[in-house]
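J.: What follows is a single structure, and I will ask about it in a moment.
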Amino acid sequence: MAVHAHPDDESSKGAATMARYAAEGADVLVVTCTGGERGSVLNPALDTPETAENMSDIRRIEMDRAREILGVNQSWLGFVDSGWPDGDPRPPLPEGCFGLTPLDESVPRLVRLMREFRPHVVITYDEKGGYPHPDHVMCHTVSMAAYEASGDPDQYPDQGEPWQPLKLYYHMNMSRRRLEAIDALLVERGRDRVYDEWIANWGDRPDTYSRITTRVPCADYFEQRDDALRAHATQIDPYGRWFAAPLEIQKEAWPTEDFELASAVFEAPVPEDDLFAGVRDYLDSQSTEVTA
Ligand SMILES: [Zn+2]
């Protein structure tokens, strides 16, 4: 189960990993907390009044297409996009949005989905939301609370039979080390550099590379990832930096998507290269205990 803030986040974070696991037979469920109603149109070709008027419907259609491309299932949590609070000082969040929704309203909805879908592994954003959009930060908070509550029979007893996920991960795919590796290979091959400005503007933000515990090989699924992202046509500039580095360079320089293991109910040695590492052994040991 991958919990995301908006439709399109599932295609820009961990998409190749999900496509790989789905292709290998895992049941993969994307949970999308909001409808993305307040997303900005980032594709100049689609930035029209019609798009703005029908944003909510358009984003559902885009999400359906991306879900099909990735081969995963998807559920809406049903909250309303907070929008990016633009300005200095930041304006207050709009009434009724996800960023302002009390946890006792949002957490039980995710607990119910966890108890229905019964995931072994949950993926969400880190404590900063991966980036400081209020919906991303809230997505982290709600995911953590649901992960803690789902297996506890005393919490939300009316939301289904308790189910404890076994591992919880944060996305860690945007490391500086990854950008530098791709940049170095572009230079080595005499190709145009595409990340040099990004790297130069990194400033004193720490590199998330040191937090990575888990690198999942998924280069064979980068095309699917990019196709899914392009399906969110209003949200992505097809000529922008998401697609700037040639795929063959990305595949060679950095053939993985990366995660931080944030919690596990059993001892999980890291580094590892599989989100499900140890899960089968753990389940076998549990069933032996029951039958013994
Ligand atoms: Zn988002």
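We label chains A, B, ... in the order they appear in the structure tokens, count residues from 1 in each chain, and number ligands from 1 in the order shown.
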What residues in stretch 106-156 of chain A get the DSSP label helix (DSSP H, G or I)? Please answer as a ChimeraX atom specification.

T.: /A:106-117,134-149

J.: Might you pull out every residue within 7 Å of stretch 62-69 of chain A, with only C-alpha atoms counted and same-chain residues fewer than 2 positions away left off, and present them as a ChimeraX atom specification?

T.: /A:7,58-60,71-74,224,228-229,231-232

J.: Neighbouring residues of ligand 1 are defined here as those with any atom at most 9 Å from a ligand atom, counting only C-alpha atoms and all ligand atoms; list them as a PyMOL selection string.

T.: chain A and resi 4-10+36+39+131+133+135-136

J.: Using C-alpha atoms, can you write the selected residues to a file as a PDB file, in the first residue's frame?

T.:
ATOM      1  CA  HIS A   4      -0.025   9.550  -1.512  1.00  0.00           C
ATOM      2  CA  ALA A   5      -1.302  13.098  -1.177  1.00  0.00           C
ATOM      3  CA  HIS A   6      -2.481  13.855  -4.735  1.00  0.00           C
ATOM      4  CA  PRO A   7      -3.149  12.045  -7.984  1.00  0.00           C
ATOM      5  CA  ASP A   8       0.262  12.144  -9.802  1.00  0.00           C
ATOM      6  CA  ASP A   9       2.368  11.629  -6.659  1.00  0.00           C
ATOM      7  CA  GLU A  10       2.132   7.845  -7.143  1.00  0.00           C
ATOM      8  CA  GLY A  36      -5.976  17.162  -6.414  1.00  0.00           C
ATOM      9  CA  GLY A  39      -3.406  21.503  -8.395  1.00  0.00           C
ATOM     10  CA  TYR A 131       8.521  18.443   0.459  1.00  0.00           C
ATOM     11  CA  HIS A 133       3.177  20.887   0.797  1.00  0.00           C
ATOM     12  CA  ASP A 135      -1.112  17.744   2.061  1.00  0.00           C
ATOM     13  CA  HIS A 136       2.191  15.868   1.918  1.00  0.00           C
TER      14      HIS A 136
END

J.: For A:Glu95, please output as an MDAnalysis selection string all residues within 9 Å (counting only C-alpha atoms; exclusion window: fewer than 3 positions along the same chain).

T.: chainID A and resid 82 92 100

J.: Just the selected residues (N, CA and C atoms), exported as a tab-separated table (two decimals), in the first residue's frame, please.

T.:
chain	number	residue	atom	x	y	z
A	82	SER	N	-5.48	20.83	-0.36
A	82	SER	CA	-5.27	22.11	0.35
A	82	SER	C	-4.72	23.19	-0.57
A	92	PRO	N	-3.68	31.63	4.79
A	92	PRO	CA	-4.25	30.50	5.53
A	92	PRO	C	-4.79	29.43	4.57
A	100	LEU	N	-6.25	20.73	6.98
A	100	LEU	CA	-6.90	21.18	8.22
A	100	LEU	C	-7.82	20.11	8.81

J.: Among the residues of stretch 8-246 of chain A, find those DSSP assigns to strand (DSSP E) from the backbone and print them as JSON, numbers by chain.

T.: {"A": [29, 30, 31, 32, 33, 34, 73, 74, 75, 76, 77, 78, 79, 121, 122, 123, 124, 167, 168, 169, 170, 171, 214, 215, 216, 217]}

J.: Please produce a file of the residues just selected, as a short mmCIF file (atom, residue, chain, number, x, y, z; two decimals), in the first residue's frame, where the atoms kept are C-alpha atoms.

T.:
data_model
loop_
_atom_site.label_atom_id
_atom_site.label_comp_id
_atom_site.auth_asym_id
_atom_site.auth_seq_id
_atom_site.Cartn_x
_atom_site.Cartn_y
_atom_site.Cartn_z
CA LEU A 29 -2.87 -0.48 -3.81
CA VAL A 30 -2.32 3.25 -4.18
CA VAL A 31 -4.27 5.35 -1.69
CA THR A 32 -4.76 8.94 -2.81
CA CYS A 33 -5.69 11.22 0.09
CA THR A 34 -7.10 14.13 -1.94
CA ASN A 73 -5.27 -0.67 -7.85
CA GLN A 74 -6.19 2.69 -6.42
CA SER A 75 -8.55 4.08 -3.77
CA TRP A 76 -9.48 7.64 -2.92
CA LEU A 77 -9.44 8.66 0.73
CA GLY A 78 -11.90 11.40 -0.22
CA PHE A 79 -10.40 14.60 1.14
CA VAL A 121 4.23 -3.17 3.44
CA VAL A 122 3.18 0.48 3.61
CA ILE A 123 4.99 3.35 1.85
CA THR A 124 4.53 7.01 2.70
CA LYS A 167 7.02 -2.77 7.39
CA LEU A 168 6.74 0.95 6.73
CA TYR A 169 8.94 2.89 4.32
CA TYR A 170 9.59 6.50 3.35
CA HIS A 171 10.35 7.53 -0.23
CA THR A 214 16.62 0.00 0.63
CA ARG A 215 17.40 0.26 -3.08
CA VAL A 216 14.92 -1.56 -5.28
CA PRO A 217 16.18 -2.42 -8.79
#

J.: To one decimal place in Å, what is the distance between atom CA of A:Gln235 and atom CA of A:Pro134?

T.: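 Taking atom CA of A:Gln235 as the start and atom CA of A:Pro134 as the end point, the length is 17.7 Å.
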
J.: In terms of the shortest atom-to-atom distance over only C-alpha atoms, which of A:Leu185, A:Ile249, A:Ile212, A:Ala244 is closest to A:Pro271?

T.: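 Among the listed residues, A:Ile212 lies closest to A:Pro271.
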
J.: Need to verify the contact set: A:Ala184, 12 Å, only C-alpha atoms, exclusion of same-chain residues closer than 6 positions in sequence. Can you return it as a list in words?

T.: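 Final neighbour list, sorted by chain and number: Arg177, Arg178, Gly190, Arg191, Asp192, Arg193, Val194, Tyr195, Asp196, Ile199, Ala245, Ile249, Gln250, Glu252, Ala253 and Trp254 of chain A.
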
J.: Go ahead and save the residues from that selection, with N, CA and C atoms, as a PDB file, in the first residue's frame.

T.:
ATOM      1  N   ARG A 177      22.944  12.549  -4.372  1.00  0.00           N
ATOM      2  CA  ARG A 177      23.876  11.567  -4.924  1.00  0.00           C
ATOM      3  C   ARG A 177      23.354  10.998  -6.251  1.00  0.00           C
ATOM      4  N   ARG A 178      22.045  10.789  -6.332  1.00  0.00           N
ATOM      5  CA  ARG A 178      21.454  10.259  -7.568  1.00  0.00           C
ATOM      6  C   ARG A 178      21.578  11.275  -8.706  1.00  0.00           C
ATOM      7  N   GLY A 190      29.399  12.729 -23.036  1.00  0.00           N
ATOM      8  CA  GLY A 190      29.361  13.898 -23.906  1.00  0.00           C
ATOM      9  C   GLY A 190      27.948  14.381 -24.214  1.00  0.00           C
ATOM     10  N   ARG A 191      27.007  14.067 -23.339  1.00  0.00           N
ATOM     11  CA  ARG A 191      25.624  14.495 -23.548  1.00  0.00           C
ATOM     12  C   ARG A 191      25.378  15.827 -22.844  1.00  0.00           C
ATOM     13  N   ASP A 192      24.246  16.467 -23.162  1.00  0.00           N
ATOM     14  CA  ASP A 192      23.894  17.724 -22.483  1.00  0.00           C
ATOM     15  C   ASP A 192      23.603  17.454 -21.011  1.00  0.00           C
ATOM     16  N   ARG A 193      24.135  18.320 -20.162  1.00  0.00           N
ATOM     17  CA  ARG A 193      23.826  18.194 -18.730  1.00  0.00           C
ATOM     18  C   ARG A 193      22.414  18.730 -18.490  1.00  0.00           C
ATOM     19  N   VAL A 194      21.652  18.068 -17.612  1.00  0.00           N
ATOM     20  CA  VAL A 194      20.285  18.511 -17.357  1.00  0.00           C
ATOM     21  C   VAL A 194      20.035  18.822 -15.879  1.00  0.00           C
ATOM     22  N   TYR A 195      20.902  18.341 -15.020  1.00  0.00           N
ATOM     23  CA  TYR A 195      20.687  18.548 -13.586  1.00  0.00           C
ATOM     24  C   TYR A 195      21.706  19.502 -12.970  1.00  0.00           C
ATOM     25  N   ASP A 196      22.578  20.113 -13.803  1.00  0.00           N
ATOM     26  CA  ASP A 196      23.672  20.920 -13.231  1.00  0.00           C
ATOM     27  C   ASP A 196      23.138  22.091 -12.390  1.00  0.00           C
ATOM     28  N   ILE A 199      21.673  20.789  -9.103  1.00  0.00           N
ATOM     29  CA  ILE A 199      22.744  20.434  -8.168  1.00  0.00           C
ATOM     30  C   ILE A 199      23.384  21.698  -7.589  1.00  0.00           C
ATOM     31  N   ALA A 245      16.500  13.774 -18.439  1.00  0.00           N
ATOM     32  CA  ALA A 245      17.638  12.854 -18.559  1.00  0.00           C
ATOM     33  C   ALA A 245      17.223  11.639 -19.381  1.00  0.00           C
ATOM     34  N   ILE A 249      20.501   6.619 -19.832  1.00  0.00           N
ATOM     35  CA  ILE A 249      21.479   7.154 -18.874  1.00  0.00           C
ATOM     36  C   ILE A 249      20.995   6.913 -17.440  1.00  0.00           C
ATOM     37  N   GLN A 250      19.713   7.195 -17.191  1.00  0.00           N
ATOM     38  CA  GLN A 250      19.159   6.953 -15.852  1.00  0.00           C
ATOM     39  C   GLN A 250      19.307   5.493 -15.450  1.00  0.00           C
ATOM     40  N   GLU A 252      21.416   3.298 -16.407  1.00  0.00           N
ATOM     41  CA  GLU A 252      22.791   2.870 -16.150  1.00  0.00           C
ATOM     42  C   GLU A 252      23.345   3.537 -14.886  1.00  0.00           C
ATOM     43  N   ALA A 253      23.055   4.830 -14.722  1.00  0.00           N
ATOM     44  CA  ALA A 253      23.655   5.561 -13.608  1.00  0.00           C
ATOM     45  C   ALA A 253      22.964   5.244 -12.278  1.00  0.00           C
ATOM     46  N   TRP A 254      21.663   4.991 -12.310  1.00  0.00           N
ATOM     47  CA  TRP A 254      20.918   4.828 -11.055  1.00  0.00           C
ATOM     48  C   TRP A 254      19.693   3.945 -11.309  1.00  0.00           C
TER      49      TRP A 254
END

J.: Which of these, A:Arg115, A:Lys128, A:Arg109, A:Arg241, has the shortest distance to A:Leu42 once you count only C-alpha atoms?

T.: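 Counting only C-alpha atoms, the residue closest to A:Leu42 is A:Arg241.
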
J.: Name the closest residue to A:Trp242 among the candidates A:Trp198, A:Phe276, A:Phe259, A:Phe117; distances are taken between atoms, counting only C-alpha atoms.

T.: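 Looking at the shortest contact to A:Trp242, the residue is A:Trp198.
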
J.: List every residue of stretch 206-284 of chain A that has an atom at most 10 Å from any atom of stretch 146-165 of chain A, and for each one report the closest atom pair and its distance in Å to one decimal, counting only C-alpha atoms, with rows sorted by chain and then by increasing residue number, as a Markdown table.

T.:
| residue | atom | partner | partner_atom | distance |
| --- | --- | --- | --- | --- |
| A:Ser263 | CA | A:Tyr147 | CA | 9.6 |
| A:Ala264 | CA | A:Pro165 | CA | 8.4 |
| A:Val265 | CA | A:Pro165 | CA | 8.1 |

J.: At a cut-off of 12 Å, using only C-alpha atoms, what residues contact A:Glu197? Leave out same-chain residues fewer than 5 positions from it and give the result as a list of chain:residue names.

T.: A:Leu179, A:Glu180, A:Asp183, A:Trp202, A:Gly203, A:Arg241

J.: For the residues in that selection, give me C-alpha atoms as a compact mmCIF listing (two decimals), in the first residue's frame.

T.:
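To be explicit, this is the file written out as out-v2.txt:
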# COMPACT_ATOMS: atom_id res chain seq x y z
CA LEU A 179 21.36 13.56 -9.45
CA GLU A 180 25.16 13.71 -9.35
CA ASP A 183 25.00 14.18 -14.22
CA TRP A 202 21.10 22.43 -3.71
CA GLY A 203 22.60 24.75 -1.11
CA ARG A 241 13.02 18.29 -16.04

J.: Go through A:Ile236, A:Leu166, A:Met138, A:Leu93 and flag the residue nearest A:Tyr282, using only C-alpha atoms for the distances.

T.: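 Selected residue with least distance to A:Tyr282: A:Leu166.
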
J.: At a cut-off of 9 Å, can you tabulate as a tab-separated table every residue of stretch 221-274 of chain A near stretch 45-50 of chain A together with its closest atom pair and the distance in Å to one decimal, using only C-alpha atoms and ordering rows by chain then number?

T.:
residue	atom	partner	partner_atom	distance
A:Ala233	CA	A:Leu46	CA	7.8
A:Thr234	CA	A:Leu46	CA	6.1
A:Asp237	CA	A:Ala45	CA	8.5

J.: Give me a file of those residues, with N, CA and C atoms, as a compact mmCIF listing (two decimals), in the first residue's frame.

T.:
# COMPACT_ATOMS: atom_id res chain seq x y z
N ALA A 233 -1.59 14.58 -17.42
CA ALA A 233 -1.14 15.55 -18.42
C ALA A 233 -1.21 16.99 -17.95
N THR A 234 -2.18 17.32 -17.09
CA THR A 234 -2.26 18.72 -16.66
C THR A 234 -1.16 19.05 -15.65
N ASP A 237 4.90 18.98 -17.24
CA ASP A 237 5.36 19.52 -18.52
C ASP A 237 6.14 18.41 -19.23

J.: Give me the residues near A:Tyr209 as a list in words, where near means some atom within 8 Å (using only C-alpha atoms) and where sequence neighbours in that chain fewer than 5 positions away do not count.

T.: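 What passes the distance filter is Met172, Ser175, Arg176 and Arg177 of chain A.
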
J.: For the selection just defined, write its residues with C-alpha atoms to a file, as a tab-separated table (two decimals), in the first residue's frame.

T.:
chain	number	residue	atom	x	y	z
A	172	MET	CA	13.99	8.63	-0.56
A	175	SER	CA	18.93	12.20	-3.27
A	176	ARG	CA	21.63	14.58	-4.39
A	177	ARG	CA	23.88	11.57	-4.92
